[in-house]
file entry24.cif (mmCIF, C-alpha atoms and all ligand atoms)
data_my_file
#
loop_
_atom_site.label_atom_id
_atom_site.label_comp_id
_atom_site.auth_asym_id
_atom_site.auth_seq_id
_atom_site.Cartn_x
_atom_site.Cartn_y
_atom_site.Cartn_z
CA MET O 1 -53.01 284.99 -107.15
CA GLN O 2 -50.44 283.82 -109.68
CA TYR O 3 -51.36 281.65 -112.64
CA PRO O 4 -49.87 278.12 -112.58
CA GLU O 5 -46.59 278.17 -114.49
CA PRO O 6 -47.76 276.26 -117.62
CA ILE O 7 -50.53 278.75 -118.32
CA ALA O 8 -48.36 281.74 -117.42
CA LYS O 9 -45.84 280.51 -120.00
CA LEU O 10 -48.56 280.06 -122.59
CA ILE O 11 -49.83 283.60 -121.96
CA ASP O 12 -46.25 284.91 -122.35
CA SER O 13 -45.93 283.03 -125.65
CA TYR O 14 -49.16 284.43 -127.07
CA MET O 15 -48.10 287.92 -126.02
CA LYS O 16 -45.09 287.64 -128.33
CA LEU O 17 -47.46 287.64 -131.32
CA PRO O 18 -48.09 291.00 -133.02
CA GLY O 19 -51.10 292.93 -131.75
CA ILE O 20 -51.78 290.54 -128.86
CA GLY O 21 -51.93 292.17 -125.44
CA ALA O 22 -52.20 290.57 -122.00
CA LYS O 23 -55.99 290.38 -122.11
CA SER O 24 -56.18 288.60 -125.50
CA ALA O 25 -53.25 286.35 -124.62
CA THR O 26 -54.96 285.25 -121.40
CA ARG O 27 -58.21 284.55 -123.25
CA MET O 28 -56.36 282.51 -125.91
CA ALA O 29 -54.39 280.58 -123.28
CA PHE O 30 -57.55 279.57 -121.40
CA TYR O 31 -59.23 278.70 -124.69
CA THR O 32 -56.26 276.48 -125.60
CA ILE O 33 -56.45 274.44 -122.40
CA ASP O 34 -60.13 273.78 -123.11
CA MET O 35 -59.39 272.53 -126.65
CA PRO O 36 -59.37 268.76 -127.43
CA ALA O 37 -55.91 267.29 -126.83
CA ASP O 38 -55.55 266.27 -130.52
CA ASP O 39 -56.22 269.82 -131.71
CA VAL O 40 -53.62 271.19 -129.32
CA THR O 41 -51.09 268.60 -130.53
CA ASP O 42 -51.80 269.53 -134.18
CA PHE O 43 -51.44 273.20 -133.31
CA ALA O 44 -48.08 272.64 -131.61
CA LYS O 45 -46.85 270.46 -134.50
CA ALA O 46 -47.88 273.11 -137.04
CA LEU O 47 -45.87 275.73 -135.15
CA ILE O 48 -42.76 273.55 -135.03
CA SER O 49 -43.07 272.45 -138.66
CA ALA O 50 -43.56 276.02 -139.93
CA LYS O 51 -40.31 277.01 -138.26
CA ARG O 52 -38.32 273.85 -139.02
CA ASP O 53 -39.43 273.04 -142.58
CA LEU O 54 -39.58 276.50 -144.11
CA HIS O 55 -36.49 278.34 -145.31
CA TYR O 56 -35.77 281.45 -147.30
CA CYS O 57 -35.16 280.89 -151.01
CA SER O 58 -31.48 281.59 -151.69
CA ILE O 59 -32.41 283.45 -154.90
CA CYS O 60 -35.47 285.58 -154.08
CA GLY O 61 -35.79 285.42 -150.28
CA ASN O 62 -39.35 284.05 -150.35
CA ILE O 63 -40.33 281.38 -147.82
CA THR O 64 -40.14 277.88 -149.24
CA GLU O 65 -39.81 274.21 -148.33
CA ASN O 66 -37.39 273.62 -151.20
CA ASP O 67 -34.54 275.80 -152.37
CA PRO O 68 -34.88 277.40 -154.89
CA CYS O 69 -38.58 278.12 -154.43
CA VAL O 70 -41.21 277.01 -156.98
CA ILE O 71 -41.31 280.47 -158.57
CA CYS O 72 -37.53 280.73 -159.07
CA ALA O 73 -37.40 277.11 -160.27
CA ASP O 74 -40.18 277.63 -162.84
CA LYS O 75 -38.43 278.53 -166.10
CA THR O 76 -41.77 279.00 -167.90
CA ARG O 77 -42.33 282.21 -165.91
CA ASP O 78 -41.55 285.56 -167.51
CA GLN O 79 -37.85 285.99 -166.74
CA SER O 80 -37.82 289.62 -167.89
CA LYS O 81 -39.84 291.11 -165.02
CA LEU O 82 -39.09 291.19 -161.30
CA ILE O 83 -41.34 292.57 -158.56
CA VAL O 84 -39.68 293.75 -155.35
CA VAL O 85 -41.88 293.32 -152.26
CA GLU O 86 -41.47 293.83 -148.52
CA GLN O 87 -42.64 290.47 -147.18
CA PRO O 88 -43.28 286.87 -148.31
CA LYS O 89 -47.02 287.44 -147.73
CA ASP O 90 -46.93 290.12 -150.45
CA VAL O 91 -45.79 287.45 -152.93
CA MET O 92 -48.80 285.34 -151.90
CA SER O 93 -51.16 288.31 -152.45
CA LEU O 94 -49.74 289.09 -155.90
CA GLU O 95 -49.82 285.42 -156.89
CA LYS O 96 -53.49 285.19 -155.92
CA MET O 97 -54.16 287.91 -158.49
CA ARG O 98 -53.04 285.42 -161.20
CA GLU O 99 -52.20 288.31 -163.55
CA TYR O 100 -48.46 288.42 -162.99
CA HIS O 101 -46.16 285.65 -164.15
CA GLY O 102 -42.74 287.17 -163.61
CA LEU O 103 -40.19 286.88 -160.80
CA TYR O 104 -40.03 288.28 -157.27
CA HIS O 105 -37.51 289.52 -154.75
CA VAL O 106 -38.41 289.77 -151.06
CA LEU O 107 -36.70 292.50 -149.04
CA HIS O 108 -37.81 291.31 -145.57
CA GLY O 109 -38.65 294.78 -144.38
CA VAL O 110 -38.23 298.42 -145.31
CA LEU O 111 -35.71 301.12 -144.53
CA SER O 112 -36.64 302.60 -141.18
CA PRO O 113 -34.31 305.05 -139.42
CA ILE O 114 -36.60 304.96 -136.34
CA GLU O 115 -36.23 301.20 -136.00
CA GLY O 116 -32.56 301.41 -136.97
CA LYS O 117 -33.13 299.41 -140.19
CA GLY O 118 -30.63 300.29 -142.90
CA PRO O 119 -29.98 298.84 -146.38
CA GLU O 120 -27.66 296.20 -144.90
CA ASP O 121 -30.59 294.82 -142.87
CA LEU O 122 -32.64 294.19 -146.01
CA ASN O 123 -32.26 291.68 -148.83
CA ILE O 124 -30.83 294.37 -151.14
CA THR O 125 -27.25 293.21 -151.78
CA SER O 126 -28.60 289.95 -153.19
CA LEU O 127 -31.03 291.92 -155.39
CA VAL O 128 -28.21 293.97 -156.94
CA LYS O 129 -26.12 290.86 -157.47
CA ARG O 130 -29.06 289.02 -158.98
CA LEU O 131 -29.66 291.83 -161.48
CA GLN O 132 -25.97 291.95 -162.37
CA ASP O 133 -25.81 288.19 -162.93
CA ASN O 134 -29.11 287.88 -164.75
CA GLU O 135 -29.30 289.80 -168.01
CA ALA O 136 -32.78 288.48 -168.84
CA ILE O 137 -34.37 290.82 -166.29
CA GLN O 138 -35.52 293.95 -168.13
CA GLU O 139 -37.81 295.63 -165.65
CA VAL O 140 -37.84 295.97 -161.86
CA ILE O 141 -41.27 296.78 -160.41
CA LEU O 142 -41.04 298.27 -156.92
CA ALA O 143 -44.07 297.10 -154.97
CA THR O 144 -43.23 298.22 -151.46
CA ASN O 145 -46.21 299.56 -149.51
CA ALA O 146 -47.44 303.14 -149.90
CA THR O 147 -46.11 304.08 -146.45
CA PRO O 148 -43.36 306.70 -145.92
CA GLU O 149 -40.88 303.85 -145.26
CA GLY O 150 -42.09 301.92 -148.31
CA GLU O 151 -41.74 305.00 -150.51
CA ALA O 152 -38.27 305.76 -149.15
CA THR O 153 -37.20 302.16 -149.76
CA ALA O 154 -38.51 302.21 -153.34
CA MET O 155 -36.70 305.51 -153.94
CA TYR O 156 -33.46 304.13 -152.50
CA ILE O 157 -33.58 301.02 -154.70
CA SER O 158 -34.48 302.94 -157.86
CA ARG O 159 -31.47 305.23 -157.32
CA LEU O 160 -29.30 302.21 -156.72
CA LEU O 161 -30.41 300.56 -159.96
CA LYS O 162 -30.34 303.65 -162.16
CA PRO O 163 -26.65 303.38 -163.17
CA ALA O 164 -27.34 299.88 -164.52
CA GLY O 165 -29.85 301.40 -166.96
CA LEU O 166 -32.63 299.05 -165.86
CA LYS O 167 -36.26 300.03 -166.31
CA THR O 168 -37.65 300.67 -162.82
CA THR O 169 -41.34 301.13 -162.20
CA ARG O 170 -43.60 301.65 -159.20
CA LEU O 171 -47.02 300.15 -158.64
CA ALA O 172 -49.81 302.68 -158.80
CA HIS O 173 -51.46 302.46 -155.39
CA GLY O 174 -55.11 303.24 -155.82
CA LEU O 175 -57.65 304.06 -153.18
CA ALA O 176 -59.40 301.10 -151.65
CA VAL O 177 -62.84 300.60 -153.08
CA GLY O 178 -65.38 302.48 -151.01
CA SER O 179 -62.81 304.43 -149.05
CA ASP O 180 -63.27 308.15 -148.46
CA ILE O 181 -60.89 310.52 -150.20
CA GLU O 182 -61.29 312.66 -147.10
CA TYR O 183 -59.58 310.06 -144.96
CA ALA O 184 -56.84 309.04 -147.39
CA ASP O 185 -53.37 310.41 -146.77
CA GLU O 186 -51.79 312.65 -149.37
CA MET O 187 -49.36 310.07 -150.63
CA THR O 188 -52.19 307.60 -151.32
CA LEU O 189 -54.12 310.29 -153.14
CA PHE O 190 -51.10 311.33 -155.14
CA LYS O 191 -50.47 307.75 -156.14
CA ALA O 192 -54.12 307.22 -156.97
CA ILE O 193 -54.20 310.27 -159.24
CA GLU O 194 -50.84 309.57 -160.82
CA GLY O 195 -51.83 306.00 -161.59
CA ARG O 196 -55.20 306.90 -163.06
CA THR O 197 -56.34 305.18 -166.23
CA GLU O 198 -58.72 306.33 -168.93
CA ILE O 199 -62.16 304.82 -168.80
ZN ZN R 1 -37.17 282.00 -154.99
#
call {"tool": "encode", "arguments": {"input": "entry24.cif", "output": "structure tokens", "more": "lines below"}}
Ligand SMILES: [Zn+2]
result
Amino acid sequence: MQYPEPIAKLIDSYMKLPGIGAKSATRMAFYTIDMPADDVTDFAKALISAKRDLHYCSICGNITENDPCVICADKTRDQSKLIVVEQPKDVMSLEKMREYHGLYHVLHGVLSPIEGKGPEDLNITSLVKRLQDNEAIQEVILATNATPEGEATAMYISRLLKPAGLKTTRLAHGLAVGSDIEYADEMTLFKAIEGRTEI
């Protein structure tokens, strides 16, 4: 038996989300049709608004309602430091820390030969231009993830920036609290040891 078209479409839509297979999508679709009508309307409106009202900041590439974003527009922030991250959600995570008050640049991905992602697919040209145009920036902190692609991307950018004589640093990726050294990959361990601090 085929599902009626409206629910089949809803299942298809949920399946487009990352990590959602047919089984989860079907469960979510049936859950949705049992939800109060107002909640479903709010849900649909939130989806449309998130897509329609959010843009990428023309300076840093972060998601924002207004261009430039609040971080780029805030001249009280430390204009001498710039953290390079993979995704807008990384900016949110670093901001939650409340320890960093500098600038950001969002790459929107990492170099990945397997997925056919090269430098031209990332927000790198605008980074180089930004650093050329903005002499206040003294240090670029590469905060891509500690994955092989993240490491390769950080390496690529540091080589790119070297001729400009800019200070380029890399976040020390420590082990997660409570995680077993046994199960950590070598790169994580290397980073954890390299970034060690005296206690
Ligand atoms: Zn911005």
call {"tool": "atom_distance", "arguments": {"input": "entry24.cif", "atom1": "CA of Asp74 in chain O", "atom2": "CA of Tyr56 in chain O"}}
result
16.6 Å
call {"tool": "residues_near_ligand", "arguments": {"input": "entry24.cif", "ligand": "ligand ZN 1 (chain R)", "cutoff": "7 Å", "atoms": "all atoms listed in the file", "output": "list in words"}}
result
Cys57, Ser58, Ile59, Cys60, Gly61, Asn62, Pro68, Cys69, Val70, Ile71 and Cys72 of chain O
call {"tool": "closest_atom_pairs", "arguments": {"input": "entry24.cif", "of": "range 36-131 of chain O", "to": "range 146-150 of chain O", "cutoff": "8 Å", "atoms": "all atoms listed in the file", "output": "tab-separated table"}}
result
residue	atom	partner	partner_atom	distance
O:Val110	CA	O:Gly150	CA	6.0
O:Leu111	CA	O:Glu149	CA	5.9
O:Ser112	CA	O:Glu149	CA	6.0
call {"tool": "closest_residue", "arguments": {"input": "entry24.cif", "among": "O:Leu107, O:Ile114, O:Val85, O:Met28", "to": "Leu142 in chain O", "atoms": "all atoms listed in the file"}}
result
O:Val85
call {"tool": "atom_distance", "arguments": {"input": "entry24.cif", "atom1": "CA of Lys9 in chain O", "atom2": "CA of Arg27 in chain O"}}
result
13.4 Å
call {"tool": "atom_distance", "arguments": {"input": "entry24.cif", "atom1": "CA of Asn145 in chain O", "atom2": "CA of Ala164 in chain O"}}
result
24.1 Å
call {"tool": "residues_around", "arguments": {"input": "entry24.cif", "residues": "range 31-46 of chain O", "least_positions_apart": "5", "cutoff": "10 Å", "atoms": "all atoms listed in the file", "output": "PyMOL selection string"}}
result
chain O and resi 7+10+25-26+51-52
call {"tool": "closest_residue", "arguments": {"input": "entry24.cif", "among": "O:Lys81, O:Arg98, O:Lys23, O:Lys129", "to": "Ile11 in chain O", "atoms": "only C-alpha atoms"}}
result
O:Lys23
call {"tool": "closest_residue", "arguments": {"input": "entry24.cif", "among": "O:Gly165, O:Pro113, O:Pro4, O:Pro119", "to": "Gln132 in chain O", "atoms": "only C-alpha atoms"}}
result
O:Gly165
call {"tool": "residues_around", "arguments": {"input": "entry24.cif", "residues": "Ile124 in chain O", "least_positions_apart": "6", "cutoff": "10 Å", "atoms": "only C-alpha atoms", "output": "list in words"}}
result
Val84, His105, Val106, Leu107, His108, Arg130, Ile157 and Leu160 of chain O
call {"tool": "closest_residue", "arguments": {"input": "entry24.cif", "among": "O:Leu54, O:Ile83, O:Thr64, O:Val128", "to": "Ile141 in chain O", "atoms": "all atoms listed in the file"}}
result
O:Ile83
call {"tool": "build_atoms", "arguments": {"input": "entry24.cif", "residues": "range 35-63 of chain O", "atoms": "N, CA and C atoms", "output": "mmCIF file, in the coordinates of the input"}}
result
data_model
loop_
_atom_site.group_PDB
_atom_site.id
_atom_site.type_symbol
_atom_site.label_atom_id
_atom_site.label_comp_id
_atom_site.auth_asym_id
_atom_site.auth_seq_id
_atom_site.Cartn_x
_atom_site.Cartn_y
_atom_site.Cartn_z
ATOM 1 N N MET O 35 -59.311 273.184 -125.330
ATOM 2 C CA MET O 35 -59.390 272.530 -126.650
ATOM 3 C C MET O 35 -59.144 271.026 -126.500
ATOM 4 N N PRO O 36 -59.684 270.192 -127.459
ATOM 5 C CA PRO O 36 -59.370 268.760 -127.430
ATOM 6 C C PRO O 36 -57.856 268.556 -127.551
ATOM 7 N N ALA O 37 -57.363 267.539 -126.869
ATOM 8 C CA ALA O 37 -55.910 267.290 -126.830
ATOM 9 C C ALA O 37 -55.313 267.153 -128.227
ATOM 10 N N ASP O 38 -56.062 266.465 -129.152
ATOM 11 C CA ASP O 38 -55.550 266.270 -130.520
ATOM 12 C C ASP O 38 -55.361 267.599 -131.253
ATOM 13 N N ASP O 39 -56.311 268.510 -131.050
ATOM 14 C CA ASP O 39 -56.220 269.820 -131.710
ATOM 15 C C ASP O 39 -55.005 270.594 -131.200
ATOM 16 N N VAL O 40 -54.772 270.485 -129.903
ATOM 17 C CA VAL O 40 -53.620 271.190 -129.320
ATOM 18 C C VAL O 40 -52.317 270.594 -129.862
ATOM 19 N N THR O 41 -52.283 269.254 -129.983
ATOM 20 C CA THR O 41 -51.090 268.600 -130.530
ATOM 21 C C THR O 41 -50.848 269.040 -131.966
ATOM 22 N N ASP O 42 -51.921 269.077 -132.787
ATOM 23 C CA ASP O 42 -51.800 269.530 -134.180
ATOM 24 C C ASP O 42 -51.297 270.974 -134.250
ATOM 25 N N PHE O 43 -51.810 271.788 -133.373
ATOM 26 C CA PHE O 43 -51.440 273.200 -133.310
ATOM 27 C C PHE O 43 -49.936 273.317 -133.014
ATOM 28 N N ALA O 44 -49.497 272.588 -131.992
ATOM 29 C CA ALA O 44 -48.080 272.640 -131.610
ATOM 30 C C ALA O 44 -47.190 272.118 -132.735
ATOM 31 N N LYS O 45 -47.629 271.036 -133.387
ATOM 32 C CA LYS O 45 -46.850 270.460 -134.500
ATOM 33 C C LYS O 45 -46.761 271.446 -135.662
ATOM 34 N N ALA O 46 -47.869 272.135 -135.943
ATOM 35 C CA ALA O 46 -47.880 273.110 -137.040
ATOM 36 C C ALA O 46 -46.887 274.234 -136.780
ATOM 37 N N LEU O 47 -46.819 274.665 -135.530
ATOM 38 C CA LEU O 47 -45.870 275.730 -135.150
ATOM 39 C C LEU O 47 -44.439 275.271 -135.378
ATOM 40 N N ILE O 48 -44.136 274.075 -134.913
ATOM 41 C CA ILE O 48 -42.760 273.550 -135.030
ATOM 42 C C ILE O 48 -42.398 273.320 -136.486
ATOM 43 N N SER O 49 -43.339 272.734 -137.252
ATOM 44 C CA SER O 49 -43.070 272.450 -138.660
ATOM 45 C C SER O 49 -42.865 273.732 -139.472
ATOM 46 N N ALA O 50 -43.684 274.757 -139.185
ATOM 47 C CA ALA O 50 -43.560 276.020 -139.930
ATOM 48 C C ALA O 50 -42.171 276.605 -139.743
ATOM 49 N N LYS O 51 -41.636 276.448 -138.550
ATOM 50 C CA LYS O 51 -40.310 277.010 -138.260
ATOM 51 C C LYS O 51 -39.194 276.098 -138.801
ATOM 52 N N ARG O 52 -39.385 274.805 -138.661
ATOM 53 C CA ARG O 52 -38.320 273.850 -139.020
ATOM 54 C C ARG O 52 -38.241 273.591 -140.528
ATOM 55 N N ASP O 53 -39.410 273.486 -141.181
ATOM 56 C CA ASP O 53 -39.430 273.040 -142.580
ATOM 57 C C ASP O 53 -39.414 274.162 -143.603
ATOM 58 N N LEU O 54 -39.584 275.396 -143.159
ATOM 59 C CA LEU O 54 -39.580 276.500 -144.110
ATOM 60 C C LEU O 54 -38.242 277.236 -144.047
ATOM 61 N N HIS O 55 -37.762 277.617 -145.224
ATOM 62 C CA HIS O 55 -36.490 278.340 -145.310
ATOM 63 C C HIS O 55 -36.710 279.529 -146.228
ATOM 64 N N TYR O 56 -35.700 280.361 -146.333
ATOM 65 C CA TYR O 56 -35.770 281.450 -147.300
ATOM 66 C C TYR O 56 -35.082 280.980 -148.583
ATOM 67 N N CYS O 57 -35.732 281.240 -149.714
ATOM 68 C CA CYS O 57 -35.160 280.890 -151.010
ATOM 69 C C CYS O 57 -33.836 281.649 -151.181
ATOM 70 N N SER O 58 -32.800 280.948 -151.594
ATOM 71 C CA SER O 58 -31.480 281.590 -151.690
ATOM 72 C C SER O 58 -31.418 282.575 -152.863
ATOM 73 N N ILE O 59 -32.407 282.516 -153.760
ATOM 74 C CA ILE O 59 -32.410 283.450 -154.900
ATOM 75 C C ILE O 59 -33.264 284.684 -154.588
ATOM 76 N N CYS O 60 -34.542 284.444 -154.203
ATOM 77 C CA CYS O 60 -35.470 285.580 -154.080
ATOM 78 C C CYS O 60 -35.792 285.962 -152.631
ATOM 79 N N GLY O 61 -35.505 285.095 -151.674
ATOM 80 C CA GLY O 61 -35.790 285.420 -150.280
ATOM 81 C C GLY O 61 -37.197 285.064 -149.835
ATOM 82 N N ASN O 62 -37.997 284.459 -150.734
ATOM 83 C CA ASN O 62 -39.350 284.050 -150.350
ATOM 84 C C ASN O 62 -39.274 282.825 -149.433
ATOM 85 N N ILE O 63 -40.335 282.587 -148.639
ATOM 86 C CA ILE O 63 -40.330 281.380 -147.820
ATOM 87 C C ILE O 63 -40.657 280.166 -148.681
#
